[in-house]
Amino acid sequence: TWGFQLQRQLMEKLPPKATLAEKEVMLLSMEEEKKIPRVSPSKYYKDSGEWVSHKKLQKLGHYYDTDGVLKRVKDDCGFQFSTQEDYEELASAIIEFVQEGLLKIYKLQEVYLPLEAKKSSKGDKAIIYATTDFETNPDKCLIIIQGKTPVRAGIWARAACINASLQIGSMFPYIERAVSRGFSIIILNPNDNFGSDGKTPIKKIANPQEHCRYDWENLITKKCKAKKLYMIAFSNGGINANDLLTKYFKDFTKRVVALVIGDSVFGPIGKLKEYLQKHAIHIKGSIESLGTDITGKVKASFKTISAGTKDHSSICGVGIELC
């Protein structure tokens with residue numbers, strides 16, 4: 001239960017027709033955050049010099065400065081496109097850099113899929129990331145689903161990590177905020193579907209839909225102890241979230257108290273409409289100011305608000321101000 005004073009403040013700040021999802025998000029934002037030391041961006045990127053992936057970036061002629069902006073080693077200028085091959089190599093190195101950050105800075109753990117797989121075992125396997133308390137935290141858990149391949153866990157968009165900053169393109173700000181508010185975290189990795197040869201599908205998780213369903217059935221349902229689940233799904237991740245909601249409707253609607261969709265196609269709505277209208281928010285690319293209600297303008301079936309930008313790759317990066 002929430003104290004009377006908090007409830008009164010909530011009612012004063014929320015619009016008259018606020019959804020349950022908006023109430024949940026507002027309550028979380030008004031909670032006193034746990035006294036966990038914040039990660040200093042300057043220290044974070046300074047210390048990254050010891051990372052294997054940081055050295056790989058430097059070999060490619062780039063590094064991240066203390067603001068999380070990608071710079072060229074030779075002249076400290078921003079990224080300059082040369083060839084698609086060089087771009088892909090750099091993007092892969094950045095994914096490694098971010099995922100190393102998940103482990104070294106935020107102390108997340110690797111979880112191997114299928115669950116019977118181990119780091120040292122032979123055979124193909126995929127990796128997702130989770131806080132060490134995802135099996136013991138009884139309160140709340142944040143579940144994150146990124147967009148389509150070639151994006152991987154920890155990244156919203158490669159382009160944003162390269163052309164904007166890690167504050168916009170990576171999940172770091174969400175992870176830091178969630179941990180400070182007492183969440184456990186599970187970051188799905190639905191695009192990690194093939195073995196080391198890049199061609200052989202991994203059993204049980206051969207495509208994004210299978211991957212997410214496996215995570216729901218074997219991790220979220222059987223291992224995650226949190227009573228309340230909060231889900232953020234970006235781009236193609238929204239399609240996967242829609243599939244989970246449809247297939248596991250009873251369990252999903254019982255546990256997921258707030259669903260945030262980032263610039264995605266979500267449907268068909270059908271029997272999902274009542275739940276979505278109460279518990280979901282869609283942050284959609286739009287030139288309207290950040291946070292503007294555009295539900296009627298775009299003729300949406302549930303609450304839709306503007307991201308304040310039409311740049312798809314930046315939606316989740318700027319959208320954190322709404323969470």
# chains A, B, ... in the order shown; residues from 1 in each chain; ligands from 1
$ residues_around --residues "Ala233 in chain A" --least-positions-apart "6" --cutoff "10 Å" --atoms "only C-alpha atoms" --output "ChimeraX atom specification"
/A:143-147,156,188,239-242,259-264,282,316
$ write_last_selection --atoms "N, CA, C and O atoms" --output "mmCIF file, in the first residue's frame"
data_model
loop_
_atom_site.group_PDB
_atom_site.id
_atom_site.type_symbol
_atom_site.label_atom_id
_atom_site.label_comp_id
_atom_site.auth_asym_id
_atom_site.auth_seq_id
_atom_site.Cartn_x
_atom_site.Cartn_y
_atom_site.Cartn_z
ATOM 1 N N ILE A 143 11.632 -5.836 -17.625
ATOM 2 C CA ILE A 143 11.970 -6.700 -18.752
ATOM 3 C C ILE A 143 12.131 -5.825 -19.989
ATOM 4 O O ILE A 143 11.247 -5.024 -20.312
ATOM 5 N N ILE A 144 13.258 -5.960 -20.669
ATOM 6 C CA ILE A 144 13.563 -5.119 -21.826
ATOM 7 C C ILE A 144 13.705 -5.981 -23.075
ATOM 8 O O ILE A 144 14.402 -6.998 -23.063
ATOM 9 N N ILE A 145 13.027 -5.545 -24.144
ATOM 10 C CA ILE A 145 13.125 -6.242 -25.434
ATOM 11 C C ILE A 145 13.518 -5.225 -26.501
ATOM 12 O O ILE A 145 12.775 -4.279 -26.759
ATOM 13 N N GLN A 146 14.673 -5.400 -27.129
ATOM 14 C CA GLN A 146 15.132 -4.467 -28.151
ATOM 15 C C GLN A 146 14.511 -4.782 -29.506
ATOM 16 O O GLN A 146 13.712 -5.702 -29.641
ATOM 17 N N GLY A 147 14.928 -4.034 -30.517
ATOM 18 C CA GLY A 147 14.377 -4.195 -31.859
ATOM 19 C C GLY A 147 14.999 -5.350 -32.626
ATOM 20 O O GLY A 147 15.602 -6.255 -32.064
ATOM 21 N N TRP A 156 19.750 -0.086 -28.019
ATOM 22 C CA TRP A 156 18.484 0.254 -28.683
ATOM 23 C C TRP A 156 18.705 0.365 -30.183
ATOM 24 O O TRP A 156 17.921 -0.150 -30.979
ATOM 25 N N LEU A 188 16.186 -9.309 -22.596
ATOM 26 C CA LEU A 188 16.092 -10.383 -23.584
ATOM 27 C C LEU A 188 17.006 -10.075 -24.772
ATOM 28 O O LEU A 188 17.457 -8.943 -24.953
ATOM 29 N N ILE A 239 6.483 -6.127 -31.380
ATOM 30 C CA ILE A 239 5.813 -7.264 -32.019
ATOM 31 C C ILE A 239 5.982 -8.507 -31.153
ATOM 32 O O ILE A 239 5.044 -9.287 -30.970
ATOM 33 N N ASN A 240 7.173 -8.687 -30.580
ATOM 34 C CA ASN A 240 7.408 -9.823 -29.699
ATOM 35 C C ASN A 240 6.602 -9.696 -28.409
ATOM 36 O O ASN A 240 6.092 -10.692 -27.884
ATOM 37 N N ALA A 241 6.488 -8.475 -27.897
ATOM 38 C CA ALA A 241 5.679 -8.263 -26.693
ATOM 39 C C ALA A 241 4.214 -8.565 -26.977
ATOM 40 O O ALA A 241 3.503 -9.149 -26.151
ATOM 41 N N ASN A 242 3.765 -8.174 -28.154
ATOM 42 C CA ASN A 242 2.388 -8.454 -28.565
ATOM 43 C C ASN A 242 2.141 -9.960 -28.635
ATOM 44 O O ASN A 242 1.087 -10.458 -28.218
ATOM 45 N N LEU A 259 3.227 -1.611 -19.514
ATOM 46 C CA LEU A 259 3.870 -1.991 -20.773
ATOM 47 C C LEU A 259 4.146 -0.729 -21.574
ATOM 48 O O LEU A 259 3.219 0.007 -21.924
ATOM 49 N N VAL A 260 5.414 -0.459 -21.844
ATOM 50 C CA VAL A 260 5.807 0.704 -22.632
ATOM 51 C C VAL A 260 6.311 0.218 -23.985
ATOM 52 O O VAL A 260 7.269 -0.553 -24.061
ATOM 53 N N ILE A 261 5.641 0.663 -25.045
ATOM 54 C CA ILE A 261 6.011 0.302 -26.407
ATOM 55 C C ILE A 261 6.721 1.483 -27.061
ATOM 56 O O ILE A 261 6.239 2.619 -26.993
ATOM 57 N N GLY A 262 7.865 1.238 -27.674
ATOM 58 C CA GLY A 262 8.614 2.303 -28.326
ATOM 59 C C GLY A 262 8.548 2.212 -29.833
ATOM 60 O O GLY A 262 9.173 1.331 -30.424
ATOM 61 N N ASP A 263 7.773 3.084 -30.451
ATOM 62 C CA ASP A 263 7.711 3.241 -31.902
ATOM 63 C C ASP A 263 7.628 1.888 -32.623
ATOM 64 O O ASP A 263 8.510 1.501 -33.375
ATOM 65 N N SER A 264 6.524 1.200 -32.395
ATOM 66 C CA SER A 264 6.381 -0.155 -32.928
ATOM 67 C C SER A 264 5.008 -0.344 -33.570
ATOM 68 O O SER A 264 4.093 0.472 -33.395
ATOM 69 N N HIS A 282 2.223 3.886 -25.653
ATOM 70 C CA HIS A 282 3.039 3.791 -26.866
ATOM 71 C C HIS A 282 3.753 5.132 -27.061
ATOM 72 O O HIS A 282 3.109 6.166 -27.230
ATOM 73 N N CYS A 316 13.808 5.521 -27.830
ATOM 74 C CA CYS A 316 13.960 5.066 -26.451
ATOM 75 C C CYS A 316 14.951 5.936 -25.681
ATOM 76 O O CYS A 316 14.798 6.128 -24.470
#
$ residues_around --residues "range 248-253 of chain A" --least-positions-apart "3" --cutoff "10 Å" --atoms "only C-alpha atoms" --output "VMD selection string"
chain A and resid 213 216 to 217 221 229 241 to 245 256 to 258 271 to 272 275 to 276 279
$ closest_residue --among "A:Asp65, A:Glu210, A:Glu176, A:Asp293" --to "Asn189 in chain A" --atoms "only C-alpha atoms"
A:Glu210
$ select_by_dssp --residues "range 29-166 of chain A" --states "strand (DSSP E)" --output "JSON, numbers by chain"
{"A": [62, 63, 64, 70, 71, 72, 109, 110, 111, 112, 113, 126, 127, 128, 129, 130, 140, 141, 142, 143, 144, 145]}
$ write_last_selection --atoms "C-alpha atoms" --output "PDB file, in the first residue's frame"
ATOM      1  CA  HIS A  62      37.600   5.300 -32.117  1.00  0.00           C
ATOM      2  CA  TYR A  63      36.817   5.746 -28.440  1.00  0.00           C
ATOM      3  CA  TYR A  64      33.979   7.018 -26.245  1.00  0.00           C
ATOM      4  CA  LEU A  70      31.983   8.382 -30.075  1.00  0.00           C
ATOM      5  CA  LYS A  71      35.152  10.165 -31.204  1.00  0.00           C
ATOM      6  CA  ARG A  72      38.004   9.428 -33.594  1.00  0.00           C
ATOM      7  CA  GLN A 109      25.199 -11.623 -15.258  1.00  0.00           C
ATOM      8  CA  GLU A 110      25.143 -13.645 -18.441  1.00  0.00           C
ATOM      9  CA  VAL A 111      22.389 -16.253 -18.653  1.00  0.00           C
ATOM     10  CA  TYR A 112      22.954 -18.913 -21.289  1.00  0.00           C
ATOM     11  CA  LEU A 113      20.124 -20.291 -23.409  1.00  0.00           C
ATOM     12  CA  ALA A 126      22.671 -17.630 -26.850  1.00  0.00           C
ATOM     13  CA  ILE A 127      23.137 -15.088 -24.059  1.00  0.00           C
ATOM     14  CA  ILE A 128      20.725 -12.796 -22.265  1.00  0.00           C
ATOM     15  CA  TYR A 129      21.543 -10.516 -19.338  1.00  0.00           C
ATOM     16  CA  ALA A 130      19.994 -10.200 -15.893  1.00  0.00           C
ATOM     17  CA  LYS A 140       9.383  -5.696  -9.252  1.00  0.00           C
ATOM     18  CA  CYS A 141      11.311  -6.627 -12.365  1.00  0.00           C
ATOM     19  CA  LEU A 142      11.998  -4.661 -15.550  1.00  0.00           C
ATOM     20  CA  ILE A 143      11.970  -6.700 -18.752  1.00  0.00           C
ATOM     21  CA  ILE A 144      13.563  -5.119 -21.826  1.00  0.00           C
ATOM     22  CA  ILE A 145      13.125  -6.242 -25.434  1.00  0.00           C
TER      23      ILE A 145
END
$ atom_distance --atom1 "CA of Pro190 in chain A" --atom2 "CA of Cys323 in chain A"
23.0 Å
$ residues_around --residues "Ser301 in chain A" --least-positions-apart "6" --cutoff "12 Å" --atoms "only C-alpha atoms" --output "VMD selection string"
chain A and resid 265 to 278 280 to 282 294 to 295
$ residues_around --residues "range 44-54 of chain A" --least-positions-apart "6" --cutoff "8 Å" --atoms "only C-alpha atoms" --output "PDB file with C-alpha atoms, in the first residue's frame"
ATOM      1  CA  TYR A  63      36.817   5.746 -28.440  1.00  0.00           C
ATOM      2  CA  TYR A  64      33.979   7.018 -26.245  1.00  0.00           C
ATOM      3  CA  ASP A  65      34.580  10.282 -24.395  1.00  0.00           C
ATOM      4  CA  THR A  66      33.346  11.038 -20.871  1.00  0.00           C
ATOM      5  CA  GLY A  68      29.483   8.754 -24.051  1.00  0.00           C
ATOM      6  CA  ALA A  93      32.762  -3.548 -31.638  1.00  0.00           C
ATOM      7  CA  ILE A  94      30.344  -1.099 -30.011  1.00  0.00           C
ATOM      8  CA  GLU A  96      30.816  -5.746 -27.469  1.00  0.00           C
ATOM      9  CA  PHE A  97      31.744  -2.543 -25.630  1.00  0.00           C
ATOM     10  CA  GLU A 100      31.078  -5.580 -21.443  1.00  0.00           C
ATOM     11  CA  ILE A 105      29.756  -1.502 -14.485  1.00  0.00           C
TER      12      ILE A 105
END
$ select_by_dssp --residues "range 198-300 of chain A" --states "helix (DSSP H, G or I)" --output "ChimeraX atom specification"
/A:208-220,236-247,249-255,270-279
$ write_last_selection --atoms "C-alpha atoms" --output "short mmCIF file (atom, residue, chain, number, x, y, z; two decimals), in the first residue's frame"
data_model
loop_
_atom_site.label_atom_id
_atom_site.label_comp_id
_atom_site.auth_asym_id
_atom_site.auth_seq_id
_atom_site.Cartn_x
_atom_site.Cartn_y
_atom_site.Cartn_z
CA PRO A 208 12.89 -13.96 -32.15
CA GLN A 209 9.41 -15.27 -31.36
CA GLU A 210 10.72 -18.61 -30.11
CA HIS A 211 13.43 -16.81 -28.15
CA CYS A 212 10.97 -14.58 -26.29
CA ARG A 213 8.54 -17.40 -25.65
CA TYR A 214 11.35 -19.54 -24.24
CA ASP A 215 12.38 -16.69 -21.94
CA TRP A 216 8.81 -16.18 -20.76
CA GLU A 217 8.16 -19.87 -20.07
CA ASN A 218 11.51 -20.79 -18.54
CA LEU A 219 12.85 -17.62 -16.92
CA ILE A 220 10.05 -15.16 -16.28
CA ASN A 236 10.31 -5.06 -33.44
CA GLY A 237 10.41 -5.82 -29.74
CA GLY A 238 6.85 -4.51 -29.62
CA ILE A 239 5.81 -7.26 -32.02
CA ASN A 240 7.41 -9.82 -29.70
CA ALA A 241 5.68 -8.26 -26.69
CA ASN A 242 2.39 -8.45 -28.56
CA ASP A 243 3.00 -12.14 -29.21
CA LEU A 244 3.71 -12.77 -25.52
CA LEU A 245 0.58 -10.88 -24.48
CA THR A 246 -1.55 -12.85 -26.94
CA LYS A 247 -0.11 -16.31 -26.22
CA PHE A 249 -2.72 -13.61 -21.97
CA LYS A 250 -3.86 -14.74 -18.50
CA ASP A 251 -0.39 -14.78 -16.93
CA PHE A 252 0.79 -11.68 -18.79
CA THR A 253 -2.18 -9.54 -17.78
CA LYS A 254 -1.87 -10.71 -14.18
CA ARG A 255 1.82 -9.83 -13.77
CA GLY A 270 -8.93 -7.58 -30.45
CA LYS A 271 -9.35 -8.88 -26.90
CA LEU A 272 -6.18 -7.06 -25.85
CA LYS A 273 -7.83 -3.63 -26.08
CA GLU A 274 -9.14 -3.38 -22.52
CA TYR A 275 -5.81 -4.41 -21.02
CA LEU A 276 -3.80 -2.09 -23.30
CA GLN A 277 -6.01 0.89 -22.55
CA LYS A 278 -5.39 0.44 -18.84
CA HIS A 279 -1.78 -0.69 -18.72
#
$ atom_distance --atom1 "CA of Cys77 in chain A" --atom2 "CA of Asp311 in chain A"
22.5 Å
$ closest_residue --among "A:Ile175, A:Phe79, A:Arg158, A:Ser286" --to "Lys107 in chain A" --atoms "only C-alpha atoms"
A:Ile175
$ atom_distance --atom1 "CA of Thr309 in chain A" --atom2 "CA of Leu290 in chain A"
7.8 Å
$ closest_residue --among "A:Arg152, A:Lys310, A:Lys227, A:Lys203" --to "Gln99 in chain A" --atoms "only C-alpha atoms"
A:Arg152
$ decode --residues "range 145-171 of chain A" --atoms "C-alpha atoms" --output "mmCIF file, in the first residue's frame"
data_model
loop_
_atom_site.group_PDB
_atom_site.id
_atom_site.type_symbol
_atom_site.label_atom_id
_atom_site.label_comp_id
_atom_site.auth_asym_id
_atom_site.auth_seq_id
_atom_site.Cartn_x
_atom_site.Cartn_y
_atom_site.Cartn_z
ATOM 1 C CA ILE A 145 13.125 -6.242 -25.434
ATOM 2 C CA GLN A 146 15.132 -4.467 -28.151
ATOM 3 C CA GLY A 147 14.377 -4.195 -31.859
ATOM 4 C CA LYS A 148 15.299 -6.406 -34.788
ATOM 5 C CA THR A 149 18.647 -7.774 -35.911
ATOM 6 C CA PRO A 150 21.500 -6.789 -36.026
ATOM 7 C CA VAL A 151 20.788 -5.082 -32.690
ATOM 8 C CA ARG A 152 21.718 -7.069 -29.578
ATOM 9 C CA ALA A 153 21.005 -6.914 -25.835
ATOM 10 C CA GLY A 154 22.126 -3.622 -24.286
ATOM 11 C CA ILE A 155 21.568 -1.604 -27.472
ATOM 12 C CA TRP A 156 18.484 0.254 -28.683
ATOM 13 C CA ALA A 157 20.050 1.299 -31.970
ATOM 14 C CA ARG A 158 23.546 1.082 -33.397
ATOM 15 C CA ALA A 159 23.099 4.306 -35.343
ATOM 16 C CA ALA A 160 22.278 6.252 -32.177
ATOM 17 C CA CYS A 161 25.332 4.825 -30.383
ATOM 18 C CA ILE A 162 27.492 5.930 -33.299
ATOM 19 C CA ASN A 163 25.960 9.267 -34.268
ATOM 20 C CA ALA A 164 24.453 10.507 -30.988
ATOM 21 C CA SER A 165 25.750 8.932 -27.767
ATOM 22 C CA LEU A 166 25.497 5.901 -25.520
ATOM 23 C CA GLN A 167 22.994 7.851 -23.442
ATOM 24 C CA ILE A 168 20.645 7.756 -26.440
ATOM 25 C CA GLY A 169 21.593 4.510 -28.159
ATOM 26 C CA SER A 170 22.259 2.145 -25.253
ATOM 27 C CA MET A 171 20.140 0.837 -22.362
#
